[in-house]
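Data file: target.txt. Format and content: compact mmCIF, C-alpha atoms and all ligand atoms.
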```txt
# COMPACT_ATOMS: atom_id res chain seq x y z
CA MET I 1 4.82 -0.27 -24.78
CA THR I 2 3.34 -3.71 -24.89
CA THR I 3 -0.07 -5.29 -24.51
CA VAL I 4 -0.35 -8.66 -22.82
CA ALA I 5 -3.19 -11.13 -23.24
CA LEU I 6 -3.62 -14.50 -21.60
CA LYS I 7 -6.14 -16.71 -23.39
CA ASP I 8 -7.38 -19.72 -21.42
CA VAL I 9 -3.91 -20.30 -20.02
CA THR I 10 -3.34 -23.44 -17.95
CA LYS I 11 -0.12 -24.63 -16.38
CA VAL I 12 0.21 -28.18 -15.10
CA PHE I 13 3.62 -29.08 -13.66
CA PRO I 14 5.06 -32.56 -14.36
CA ASP I 15 4.07 -33.73 -10.86
CA GLY I 16 0.42 -33.01 -11.75
CA THR I 17 0.10 -29.70 -9.83
CA VAL I 18 -2.35 -27.43 -11.62
CA ALA I 19 -0.71 -24.08 -10.80
CA VAL I 20 -2.77 -21.98 -13.23
CA ASP I 21 -6.25 -23.03 -14.29
CA ASN I 22 -7.74 -21.60 -17.47
CA VAL I 23 -6.86 -17.96 -16.83
CA SER I 24 -7.78 -15.24 -19.32
CA LEU I 25 -6.61 -11.69 -18.72
CA ASP I 26 -5.92 -8.61 -20.84
CA VAL I 27 -3.37 -6.00 -19.84
CA ALA I 28 -3.58 -2.77 -21.80
CA SER I 29 -0.60 -0.83 -23.09
CA GLY I 30 0.84 1.28 -20.26
CA GLU I 31 -1.38 -0.37 -17.66
CA PHE I 32 -0.17 -1.23 -14.15
CA MET I 33 -1.77 -4.63 -13.47
CA VAL I 34 -1.29 -6.26 -10.08
CA LEU I 35 -1.74 -10.01 -9.60
CA LEU I 36 -2.86 -10.53 -6.02
CA GLY I 37 -3.51 -13.68 -4.04
CA PRO I 38 -2.31 -15.87 -1.20
CA SER I 39 0.87 -17.90 -1.34
CA GLY I 40 0.68 -20.73 -3.85
CA CYS I 41 -2.27 -19.33 -5.84
CA GLY I 42 -0.27 -19.31 -9.09
CA LYS I 43 0.62 -15.65 -9.55
CA SER I 44 4.38 -16.18 -9.95
CA THR I 45 3.72 -18.94 -12.43
CA VAL I 46 1.60 -16.55 -14.52
CA LEU I 47 4.44 -14.03 -14.46
CA ARG I 48 7.06 -16.62 -15.35
CA MET I 49 4.95 -17.81 -18.29
CA ILE I 50 4.65 -14.22 -19.56
CA ALA I 51 8.44 -13.90 -19.25
CA GLY I 52 8.94 -17.18 -21.09
CA LEU I 53 10.61 -18.84 -18.10
CA GLU I 54 7.86 -21.49 -17.97
CA ASP I 55 6.03 -23.18 -20.82
CA VAL I 56 2.30 -22.88 -21.14
CA THR I 57 0.54 -26.26 -20.88
CA SER I 58 -2.47 -25.05 -22.86
CA GLY I 59 -3.85 -21.72 -24.04
CA ALA I 60 -1.89 -18.79 -25.39
CA ILE I 61 0.07 -15.78 -24.25
CA LEU I 62 -0.05 -12.87 -26.67
CA LEU I 63 2.36 -9.96 -26.61
CA ASN I 64 1.21 -7.07 -28.77
CA GLY I 65 -1.42 -9.39 -30.20
CA GLU I 66 1.06 -12.05 -31.39
CA SER I 67 1.39 -15.47 -29.79
CA ALA I 68 4.53 -15.58 -27.68
CA ASN I 69 4.21 -19.24 -26.69
CA ASP I 70 7.27 -20.21 -28.69
CA LEU I 71 9.24 -16.99 -28.26
CA PRO I 72 12.45 -17.30 -26.19
CA PRO I 73 12.60 -15.00 -23.13
CA ARG I 74 15.17 -12.62 -24.59
CA GLU I 75 12.99 -11.92 -27.62
CA ARG I 76 9.97 -10.90 -25.57
CA GLY I 77 11.13 -7.36 -24.71
CA VAL I 78 10.44 -7.85 -21.01
CA ALA I 79 12.45 -6.99 -17.92
CA MET I 80 11.88 -8.77 -14.66
CA VAL I 81 12.51 -7.65 -11.07
CA PHE I 82 12.47 -10.28 -8.31
CA GLN I 83 12.23 -10.03 -4.55
CA ASP I 84 15.81 -11.15 -3.95
CA PHE I 85 17.23 -8.39 -6.21
CA ALA I 86 19.92 -10.79 -7.57
CA LEU I 87 22.63 -8.15 -7.96
CA TYR I 88 26.17 -9.20 -8.85
CA PRO I 89 28.08 -8.80 -5.55
CA HIS I 90 31.49 -8.23 -7.16
CA MET I 91 30.26 -5.44 -9.47
CA ASN I 92 29.63 -1.87 -8.38
CA VAL I 93 26.25 -0.17 -8.85
CA SER I 94 27.21 1.33 -12.18
CA ASP I 95 28.26 -2.05 -13.64
CA ASN I 96 25.20 -3.79 -12.17
CA ILE I 97 22.83 -1.31 -13.81
CA GLY I 98 24.82 -1.28 -17.06
CA PHE I 99 25.14 -5.05 -17.29
CA PRO I 100 22.25 -5.61 -19.72
CA LEU I 101 23.70 -2.88 -21.98
CA ARG I 102 27.10 -4.59 -21.93
CA LEU I 103 25.41 -7.84 -22.96
CA SER I 104 23.85 -5.96 -25.88
CA HIS I 105 27.30 -4.58 -26.82
CA VAL I 106 26.37 -0.94 -26.19
CA GLU I 107 29.63 1.01 -26.35
CA PRO I 108 31.06 2.26 -23.00
CA THR I 109 30.44 6.01 -23.35
CA SER I 110 26.80 5.60 -24.26
CA ARG I 111 26.48 2.90 -21.59
CA SER I 112 27.73 5.10 -18.77
CA GLU I 113 25.54 7.99 -19.93
CA GLN I 114 22.43 5.77 -19.87
CA VAL I 115 23.40 4.35 -16.46
CA ARG I 116 23.88 7.87 -15.12
CA GLN I 117 20.43 8.95 -16.33
CA VAL I 118 18.68 5.91 -14.86
CA ALA I 119 20.55 6.18 -11.55
CA ALA I 120 19.65 9.87 -11.30
CA ALA I 121 15.97 9.07 -11.93
CA LEU I 122 16.09 6.51 -9.11
CA GLY I 123 17.94 8.76 -6.67
CA ILE I 124 21.06 6.57 -6.50
CA GLY I 125 23.37 8.71 -8.61
CA ASP I 126 25.73 9.23 -5.67
CA VAL I 127 26.40 5.54 -4.96
CA LEU I 128 27.46 4.37 -8.43
CA ASP I 129 30.90 3.24 -7.22
CA ARG I 130 29.65 1.18 -4.30
CA LYS I 131 29.27 -2.59 -4.18
CA PRO I 132 25.84 -4.07 -3.30
CA SER I 133 27.09 -5.01 0.18
CA GLN I 134 27.66 -1.31 0.89
CA LEU I 135 24.04 -0.38 0.11
CA SER I 136 20.84 -0.30 2.14
CA GLY I 137 17.97 -2.63 1.20
CA GLY I 138 16.11 0.22 -0.46
CA GLN I 139 19.17 1.23 -2.49
CA ARG I 140 19.72 -2.38 -3.61
CA GLN I 141 16.12 -2.55 -4.72
CA ARG I 142 16.57 0.67 -6.72
CA VAL I 143 19.65 -0.79 -8.40
CA ALA I 144 17.62 -3.85 -9.38
CA MET I 145 14.95 -1.53 -10.78
CA GLY I 146 17.64 0.44 -12.60
CA ARG I 147 18.96 -2.68 -14.24
CA ALA I 148 15.44 -3.49 -15.45
CA ILE I 149 14.72 0.04 -16.67
CA VAL I 150 18.00 0.63 -18.49
CA ARG I 151 17.01 -1.70 -21.31
CA ARG I 152 13.89 0.38 -21.92
CA PRO I 153 11.66 -2.69 -22.02
CA GLY I 154 8.10 -2.57 -23.28
CA LEU I 155 6.96 -4.64 -20.31
CA PHE I 156 8.01 -4.84 -16.66
CA LEU I 157 7.36 -8.00 -14.73
CA MET I 158 7.84 -7.64 -10.99
CA ASP I 159 7.59 -10.52 -8.55
CA GLU I 160 7.14 -9.30 -4.95
CA PRO I 161 9.96 -6.76 -5.42
CA LEU I 162 9.39 -5.17 -2.01
CA SER I 163 8.81 -8.20 0.18
CA ASN I 164 12.31 -8.25 1.68
CA LEU I 165 12.10 -4.65 2.87
CA ASP I 166 10.76 -3.28 6.13
CA SER I 167 7.26 -1.84 6.11
CA GLY I 168 8.26 1.86 6.13
CA LEU I 169 10.54 1.44 3.16
CA ARG I 170 7.96 -0.69 1.38
CA ALA I 171 5.38 2.08 1.62
CA GLU I 172 7.91 4.62 0.35
CA LEU I 173 9.09 2.46 -2.54
CA ARG I 174 5.64 1.41 -3.67
CA ALA I 175 4.80 5.05 -4.35
CA GLU I 176 8.15 5.52 -6.08
CA ILE I 177 7.84 2.43 -8.25
CA SER I 178 4.31 3.12 -9.40
CA GLY I 179 5.24 6.75 -10.07
CA LEU I 180 8.32 5.77 -12.05
CA VAL I 181 6.57 3.07 -14.08
CA ARG I 182 3.82 5.52 -14.99
CA GLU I 183 6.34 8.19 -15.90
CA LEU I 184 8.07 5.74 -18.23
CA GLY I 185 4.70 4.72 -19.65
CA VAL I 186 5.72 1.06 -19.53
CA THR I 187 3.18 -1.75 -19.16
CA CYS I 188 3.69 -3.52 -15.85
CA VAL I 189 2.51 -6.81 -14.36
CA TYR I 190 3.27 -6.82 -10.65
CA VAL I 191 2.85 -9.81 -8.34
CA THR I 192 2.16 -9.45 -4.62
CA HIS I 193 0.30 -11.09 -1.77
CA ASP I 194 0.06 -7.70 -0.02
CA GLN I 195 -3.33 -6.14 -0.62
CA ALA I 196 -2.23 -2.67 0.52
CA GLU I 197 0.43 -2.79 -2.18
CA ALA I 198 -2.09 -4.00 -4.75
CA LEU I 199 -4.79 -1.47 -3.94
CA THR I 200 -2.43 1.51 -3.80
CA MET I 201 -0.30 0.74 -6.86
CA ALA I 202 -2.59 -0.86 -9.41
CA ASP I 203 -4.61 0.54 -12.26
CA ARG I 204 -6.39 -2.82 -12.07
CA VAL I 205 -6.05 -5.77 -9.72
CA ALA I 206 -6.45 -9.43 -10.76
CA ILE I 207 -7.19 -11.64 -7.77
CA MET I 208 -6.29 -15.33 -7.94
CA ARG I 209 -7.10 -18.32 -5.76
CA GLN I 210 -5.84 -21.86 -6.31
CA GLY I 211 -4.86 -21.14 -9.89
CA VAL I 212 -8.23 -19.61 -10.78
CA LEU I 213 -8.83 -15.94 -11.55
CA GLN I 214 -11.54 -14.67 -9.17
CA ASP I 215 -11.99 -11.02 -10.11
CA VAL I 216 -10.39 -8.27 -12.19
CA GLY I 217 -11.08 -4.57 -11.75
CA THR I 218 -9.90 -1.23 -10.48
CA PRO I 219 -9.05 -1.14 -6.76
CA THR I 220 -12.37 0.63 -6.12
CA GLN I 221 -14.32 -1.99 -8.06
CA VAL I 222 -12.80 -5.08 -6.44
CA TYR I 223 -13.02 -3.53 -2.98
CA GLY I 224 -16.50 -2.09 -3.34
CA ARG I 225 -18.16 -4.69 -5.60
CA PRO I 226 -16.20 -7.93 -5.30
CA ALA I 227 -17.19 -10.55 -7.86
CA THR I 228 -17.07 -13.51 -5.51
CA LEU I 229 -17.51 -14.23 -1.81
CA TYR I 230 -13.87 -15.22 -1.71
CA VAL I 231 -12.77 -11.77 -2.90
CA ALA I 232 -15.23 -10.09 -0.51
CA ALA I 233 -13.69 -11.93 2.43
CA PHE I 234 -10.10 -11.65 1.19
CA LEU I 235 -9.91 -7.91 0.54
CA GLY I 236 -9.95 -5.33 3.27
CA SER I 237 -9.10 -5.16 6.92
CA PRO I 238 -11.16 -5.64 8.95
CA ARG I 239 -12.78 -8.35 6.92
CA MET I 240 -16.09 -7.49 5.27
CA ASN I 241 -19.13 -8.48 7.34
CA LEU I 242 -20.86 -11.29 5.48
CA LEU I 243 -24.36 -11.84 6.82
CA GLU I 244 -26.89 -14.43 5.74
CA ALA I 245 -30.26 -12.88 5.06
CA GLU I 246 -33.65 -13.72 3.58
CA VAL I 247 -35.05 -11.14 1.20
CA TYR I 248 -38.68 -10.02 1.10
CA VAL I 249 -39.87 -7.29 -1.20
CA ASN I 250 -42.70 -4.95 -0.32
CA LEU I 251 -43.27 -3.19 -3.61
CA ASP I 252 -44.90 -0.17 -1.99
CA ARG I 253 -42.29 0.58 0.58
CA HIS I 254 -39.07 -1.28 0.98
CA VAL I 255 -36.98 -4.42 0.77
CA ALA I 256 -36.75 -6.31 4.04
CA LEU I 257 -33.64 -8.28 4.93
CA HIS I 258 -34.32 -10.87 7.60
CA LEU I 259 -31.10 -11.35 9.55
CA GLY I 260 -31.84 -14.03 12.12
CA ASP I 261 -34.42 -12.52 14.43
CA GLN I 262 -33.87 -8.97 13.16
CA VAL I 263 -35.29 -7.26 10.14
CA LEU I 264 -33.52 -4.50 8.27
CA TYR I 265 -35.47 -2.33 5.85
CA LEU I 266 -33.87 -0.80 2.76
CA PRO I 267 -36.05 1.96 1.29
CA TRP I 268 -36.73 1.83 -2.45
CA ASN I 269 -34.71 4.98 -3.09
CA ASP I 270 -31.59 3.10 -1.98
CA VAL I 271 -29.95 1.64 -5.08
CA ARG I 272 -28.93 -1.42 -3.07
CA ALA I 273 -32.56 -2.22 -2.38
CA ARG I 274 -33.09 -2.68 -6.12
CA HIS I 275 -30.07 -4.98 -6.43
CA VAL I 276 -31.24 -7.12 -3.55
CA ALA I 277 -34.89 -7.15 -4.70
CA HIS I 278 -34.02 -9.67 -7.43
CA PHE I 279 -33.59 -12.26 -4.71
CA HIS I 280 -37.11 -12.02 -3.28
CA GLY I 281 -37.86 -15.11 -1.21
CA GLU I 282 -34.24 -16.32 -1.35
CA ARG I 283 -31.48 -16.66 1.18
CA ILE I 284 -28.48 -14.52 0.26
CA VAL I 285 -25.23 -13.30 1.77
CA VAL I 286 -25.11 -9.55 2.35
CA GLY I 287 -21.67 -7.93 2.48
CA ILE I 288 -21.32 -4.78 4.57
CA ARG I 289 -17.99 -3.11 5.26
CA ALA I 290 -17.28 -2.01 8.82
CA GLU I 291 -16.92 1.59 7.70
CA ALA I 292 -20.38 1.49 6.13
CA LEU I 293 -22.03 0.75 9.46
CA VAL I 294 -22.53 3.82 11.58
CA PRO I 295 -22.87 3.51 15.35
CA VAL I 296 -25.62 5.73 16.73
CA PRO I 297 -26.85 6.34 20.23
CA GLY I 298 -30.42 5.46 19.30
CA GLY I 299 -32.55 4.50 16.35
CA THR I 300 -36.06 3.92 15.22
CA ALA I 301 -37.24 0.37 15.00
CA GLY I 302 -36.59 -1.09 11.58
CA ASP I 303 -33.57 0.92 10.53
CA VAL I 304 -31.09 -0.45 12.99
CA ILE I 305 -29.29 -3.68 13.61
CA ARG I 306 -29.18 -4.24 17.33
CA GLY I 307 -26.01 -5.76 18.62
CA ARG I 308 -24.18 -6.60 21.77
CA VAL I 309 -20.67 -5.19 21.85
CA ARG I 310 -18.14 -7.91 22.61
CA TYR I 311 -15.02 -5.78 22.58
CA LEU I 312 -13.44 -2.68 21.14
CA GLU I 313 -10.14 -2.50 19.30
CA HIS I 314 -8.28 0.79 18.99
CA HIS I 315 -5.92 1.17 16.04
CA GLY I 316 -5.03 4.83 16.29
CA HIS I 317 -6.64 5.95 13.05
CA GLU I 318 -9.76 3.85 13.66
CA SER I 319 -11.56 2.05 16.44
CA LEU I 320 -13.38 -1.17 15.71
CA ALA I 321 -16.30 -2.52 17.66
CA PHE I 322 -16.95 -6.25 17.45
CA LEU I 323 -20.60 -7.04 18.00
CA ASP I 324 -22.80 -10.08 18.15
CA ILE I 325 -26.07 -9.71 16.35
CA GLY I 326 -27.91 -12.89 17.11
CA ALA I 327 -25.64 -15.75 16.15
CA THR I 328 -23.50 -13.61 13.84
CA ALA I 329 -20.49 -11.44 14.62
CA VAL I 330 -20.21 -8.01 13.04
CA VAL I 331 -17.44 -5.46 13.05
CA VAL I 332 -18.18 -1.72 12.99
CA ASP I 333 -15.81 1.16 12.47
CA GLU I 334 -16.68 3.40 15.41
CA MET I 335 -15.27 6.44 13.64
CA ALA I 336 -17.62 6.00 10.70
CA GLY I 337 -20.23 8.11 12.47
CA GLN I 338 -17.79 10.99 12.59
CA VAL I 339 -17.18 11.09 8.87
CA PRO I 340 -18.57 14.36 7.51
CA SER I 341 -21.53 14.16 5.18
CA GLY I 342 -20.60 14.02 1.51
CA SER I 343 -17.76 11.64 2.31
CA ALA I 344 -17.10 8.26 0.74
CA VAL I 345 -19.28 6.36 3.19
CA PRO I 346 -21.96 4.64 1.12
CA ASN I 347 -25.12 6.50 1.78
CA GLY I 348 -27.77 3.84 1.78
CA LEU I 349 -25.97 1.65 4.22
CA ARG I 350 -25.51 4.48 6.70
CA ARG I 351 -28.97 3.52 7.80
CA LEU I 352 -27.77 0.10 8.86
CA VAL I 353 -26.79 1.37 12.22
CA SER I 354 -25.88 -0.33 15.40
CA ARG I 355 -26.25 1.02 18.84
CA LEU I 356 -23.05 0.88 20.84
CA THR I 357 -23.39 1.23 24.56
CA GLY I 358 -20.49 2.23 26.75
CA ARG I 359 -16.82 2.41 25.83
CA GLY I 360 -13.59 0.56 26.26
CA GLY I 361 -12.82 -3.00 27.18
CA ALA I 362 -15.33 -5.68 27.97
CA HIS I 363 -18.88 -4.76 27.58
CA SER I 364 -21.97 -5.41 29.50
CA GLY I 365 -24.72 -3.87 27.52
CA GLY I 366 -26.50 -5.05 24.46
CA GLY I 367 -27.95 -2.43 22.16
CA THR I 368 -31.52 -1.60 21.73
P1 LIG F 1 4.08 -17.34 -3.63
O1 LIG F 1 3.42 -16.05 -3.29
O2 LIG F 1 4.31 -18.20 -2.43
O3 LIG F 1 5.31 -17.19 -4.48
P2 LIG F 1 2.45 -17.95 -5.94
O4 LIG F 1 1.04 -17.49 -5.85
O5 LIG F 1 3.39 -17.13 -6.70
O6 LIG F 1 3.02 -18.21 -4.47
P3 LIG F 1 3.33 -20.13 -7.58
O7 LIG F 1 4.76 -19.99 -7.20
O8 LIG F 1 2.92 -19.66 -8.92
O9 LIG F 1 2.40 -19.43 -6.50
O10 LIG F 1 2.91 -21.66 -7.40
C1 LIG F 1 1.61 -22.12 -7.71
C2 LIG F 1 1.51 -23.59 -7.38
O11 LIG F 1 2.37 -24.33 -8.24
C3 LIG F 1 1.93 -23.93 -5.95
O12 LIG F 1 1.10 -24.98 -5.50
C4 LIG F 1 3.35 -24.41 -6.11
O13 LIG F 1 3.69 -25.32 -5.10
C5 LIG F 1 3.29 -25.08 -7.47
N1 LIG F 1 4.59 -25.08 -8.18
C6 LIG F 1 5.34 -24.01 -8.49
N2 LIG F 1 6.43 -24.38 -9.18
C7 LIG F 1 6.37 -25.72 -9.31
C8 LIG F 1 7.20 -26.72 -9.93
N3 LIG F 1 8.30 -26.38 -10.57
N4 LIG F 1 6.80 -28.01 -9.84
C9 LIG F 1 5.66 -28.36 -9.21
N5 LIG F 1 4.83 -27.47 -8.63
C10 LIG F 1 5.16 -26.17 -8.67
```
Show the structure stored in the file as structure tokens.
Ligand code: ATP
Amino acid sequence: MTTVALKDVTKVFPDGTVAVDNVSLDVASGEFMVLLGPSGCGKSTVLRMIAGLEDVTSGAILLNGESANDLPPRERGVAMVFQDFALYPHMNVSDNIGFPLRLSHVEPTSRSEQVRQVAAALGIGDVLDRKPSQLSGGQRQRVAMGRAIVRRPGLFLMDEPLSNLDSGLRAELRAEISGLVRELGVTCVYVTHDQAEALTMADRVAIMRQGVLQDVGTPTQVYGRPATLYVAAFLGSPRMNLLEAEVYVNLDRHVALHLGDQVLYLPWNDVRARHVAHFHGERIVVGIRAEALVPVPGGTAGDVIRGRVRYLEHHGHESLAFLDIGATAVVVDEMAGQVPSGSAVPNGLRRLVSRLTGRGGAHSGGGT
């Protein structure tokens, strides 16, 4: 297993593009780290620098605590899997998987035994004689994984390995890959722009934007307590409600959030009230997830946000209500009210309720 550390790493391409801007990141031994961000944010460049396929302009990349800046790719003990699989079309599955072993002059009997073991682990033991053109997309991807695994690397680098597959297969393979990598105990840095992939597979997620690292944490941390407004807006579907509010603290009773012409009171026993209290007298942005807002048929003054329902969206597993509250739009997960008590719905914010009137399609009524 391998540890990876990036120390103030910057990459400027010859045309002046700053692809990676002063990024520092530690990946622990055996950790599954996902680099997540929109197209062009620099995640592939980070991966390619770890692999040694790109030079570092400034800063250092450490593998197992030693600078790898001047280490050629083949001496880094890494295996890389790309989105286009890059299998040799004229070789069968067995030879494709065994190719790295042949390069390392492993003798044929041992080679075929190792190939057999890896293929069995990946569930492709019965297609060893086929050519890549005779395989499904999922099987080709498994062969590419097999070729990476067979060398028993200390570090896997994966660049959007599932992006050429259809969504059903992607969901299946993401569980398989993360399971397999964990079973092998290998450190993994995995690049994707797909947040579902990131949040389901990662031990920790590192979110990048325009070359800059925005946040690093477990999926729960980055989703629940995003470090920046960018991450708050980027992660999650529907998008987190971001509401401008002025904060006023009443030490005896509550913290009042003034949202336009409405006031929302957070009681002192709500831990969020204490976080927000630091901003007494200031204008802040409050982030509330749709599933943390509970629609109720009524409410006492002060503990509701009143909104006018613009439209409802049904997604099968959830129904979203889009409301206007004053000048701001808010999205509410209608099903949130049906979640049994003791569930993951944040408690304090369950008070921030909205009254929904009527159902389905365009809406006439505002709430009260
Ligand atoms: P994607 O998800 O689309 O692959 P990414 O987040 O992996 O994007 P990179 O491929 O790392 O992004 O690219 C980061 C930035 O560096 C982009 O603006 C890209 O255009 C630029 N870039 C990448 N390679 C080069 C190069 N060889 N020369 C100049 N600019 C480059």
Which residues of chain I sit at most 6 Å from ligand LIG 1 (chain F), using all atoms listed in the file? Give each one's shortest atom pair and distance in Å (one decimal place), in chain and ascending residue order, as a tab-separated table.
```
residue	atom	partner	partner_atom	distance
I:Phe13	CA	F:LIG1	C9	4.9
I:Asp15	CA	F:LIG1	C9	5.8
I:Thr17	CA	F:LIG1	N5	5.4
I:Ala19	CA	F:LIG1	O11	4.0
I:Pro38	CA	F:LIG1	O4	6.0
I:Ser39	CA	F:LIG1	O2	3.6
I:Gly40	CA	F:LIG1	O9	3.4
I:Cys41	CA	F:LIG1	O4	3.8
I:Gly42	CA	F:LIG1	O8	3.2
I:Lys43	CA	F:LIG1	O4	4.2
I:Ser44	CA	F:LIG1	O5	3.5
I:Thr45	CA	F:LIG1	O8	3.7
```
Could you write those residues out with C-alpha atoms, as a short mmCIF file (atom, residue, chain, number, x, y, z; two decimals), in the coordinates of the input?
```
data_model
loop_
_atom_site.label_atom_id
_atom_site.label_comp_id
_atom_site.auth_asym_id
_atom_site.auth_seq_id
_atom_site.Cartn_x
_atom_site.Cartn_y
_atom_site.Cartn_z
CA PHE I 13 3.62 -29.08 -13.66
CA ASP I 15 4.07 -33.73 -10.86
CA THR I 17 0.10 -29.70 -9.83
CA ALA I 19 -0.71 -24.08 -10.80
CA PRO I 38 -2.31 -15.87 -1.20
CA SER I 39 0.87 -17.90 -1.34
CA GLY I 40 0.68 -20.73 -3.85
CA CYS I 41 -2.27 -19.33 -5.84
CA GLY I 42 -0.27 -19.31 -9.09
CA LYS I 43 0.62 -15.65 -9.55
CA SER I 44 4.38 -16.18 -9.95
CA THR I 45 3.72 -18.94 -12.43
#
```
From I:Val115, I:Ala86, I:Val189, I:Val296, residue lying nearest Arg140 of chain I [all atoms listed in the file]: I:Ala86
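The smallest atom-to-atom distance between Gly146 of chain I and any of I:Glu244, I:Leu173, I:Gly168, I:Asn96, using all atoms listed in the file, is found for I:Asn96.
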Residues within 12 Å of (-42.2, -4.7, -4.5), file coords, all atoms listed in the file, listed as a ChimeraX atom specification: /I:247-256,266-268,273-274,276-281
Selection: 8 Å around Val286 of chain I, all atoms listed in the file, excl. self and same-chain fewer than 6 positions, as a ChimeraX atom specification: /I:241-245
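Going from atom CA of Ala202 of chain I to atom CA of Val231 of chain I covers 16.3 Å.
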Neighbour list for Leu36 of chain I as an mmCIF file with C-alpha atoms, in the frame of the given file, cut-off 8 Å, only C-alpha atoms, skip fewer than 2 positions in-chain:
```cif
data_model
loop_
_atom_site.group_PDB
_atom_site.id
_atom_site.type_symbol
_atom_site.label_atom_id
_atom_site.label_comp_id
_atom_site.auth_asym_id
_atom_site.auth_seq_id
_atom_site.Cartn_x
_atom_site.Cartn_y
_atom_site.Cartn_z
ATOM 1 C CA VAL I 34 -1.290 -6.260 -10.080
ATOM 2 C CA PRO I 38 -2.310 -15.870 -1.200
ATOM 3 C CA LYS I 43 0.620 -15.650 -9.550
ATOM 4 C CA VAL I 191 2.850 -9.810 -8.340
ATOM 5 C CA THR I 192 2.160 -9.450 -4.620
ATOM 6 C CA HIS I 193 0.300 -11.090 -1.770
ATOM 7 C CA ASP I 194 0.060 -7.700 -0.020
ATOM 8 C CA GLN I 195 -3.330 -6.140 -0.620
ATOM 9 C CA ALA I 198 -2.090 -4.000 -4.750
ATOM 10 C CA VAL I 205 -6.050 -5.770 -9.720
ATOM 11 C CA ALA I 206 -6.450 -9.430 -10.760
ATOM 12 C CA ILE I 207 -7.190 -11.640 -7.770
ATOM 13 C CA MET I 208 -6.290 -15.330 -7.940
#
```
Minimum-distance residue to Leu213 of chain I, chosen among I:Ala60, I:Ala227, I:Leu293, I:Ala28 (using all atoms listed in the file): I:Ala227
Could you put an axis-aligned box around every listed atom of segment 191-206 of chain I, padded by 4 Å on each side, and send me its centre and edge lengths in Å to one decimal, as AutoDock Vina command-line options?
```
--center_x -1.8 --center_y -4.8 --center_z -5.9 --size_x 17.3 --size_y 20.6 --size_z 20.8
```
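If all atoms listed in the file are the atoms counted, then among I:Asp95, I:Glu197, I:Asp166, I:Asp26 the closest residue to Ala144 of chain I is I:Asp95.
Of the listed residues I:Thr200, I:Thr228, I:Asn22, I:Gln214, the one whose atoms come nearest to Ala175 of chain I is I:Thr200, with distances taken using all atoms listed in the file.
Minimum atom-to-atom distances from I:Ala292, I:Val304, I:Val18, I:Val216 to Leu257 of chain I were compared using only C-alpha atoms, and the lowest value belongs to I:Val304.
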Contacts of Leu157 of chain I at 8 Å (all atoms listed in the file; same-chain gap of 3+ positions) as a ChimeraX atom specification: /I:47,51,78-81,188-190
For Met91 of chain I: contacts at 12 Å, all atoms listed in the file, fewer than 2 positions along chain excluded, given as a PyMOL selection string: chain I and resi 86-89+93-99+128-134+143
Gly77 of chain I surroundings by all atoms listed in the file, 12 Å radius, close-in-sequence under 2 positions cut, as a count of residues only: 28
Point-to-point distance in Å for atom CA of Thr220 of chain I and atom CA of Arg204 of chain I: 9.1 Å
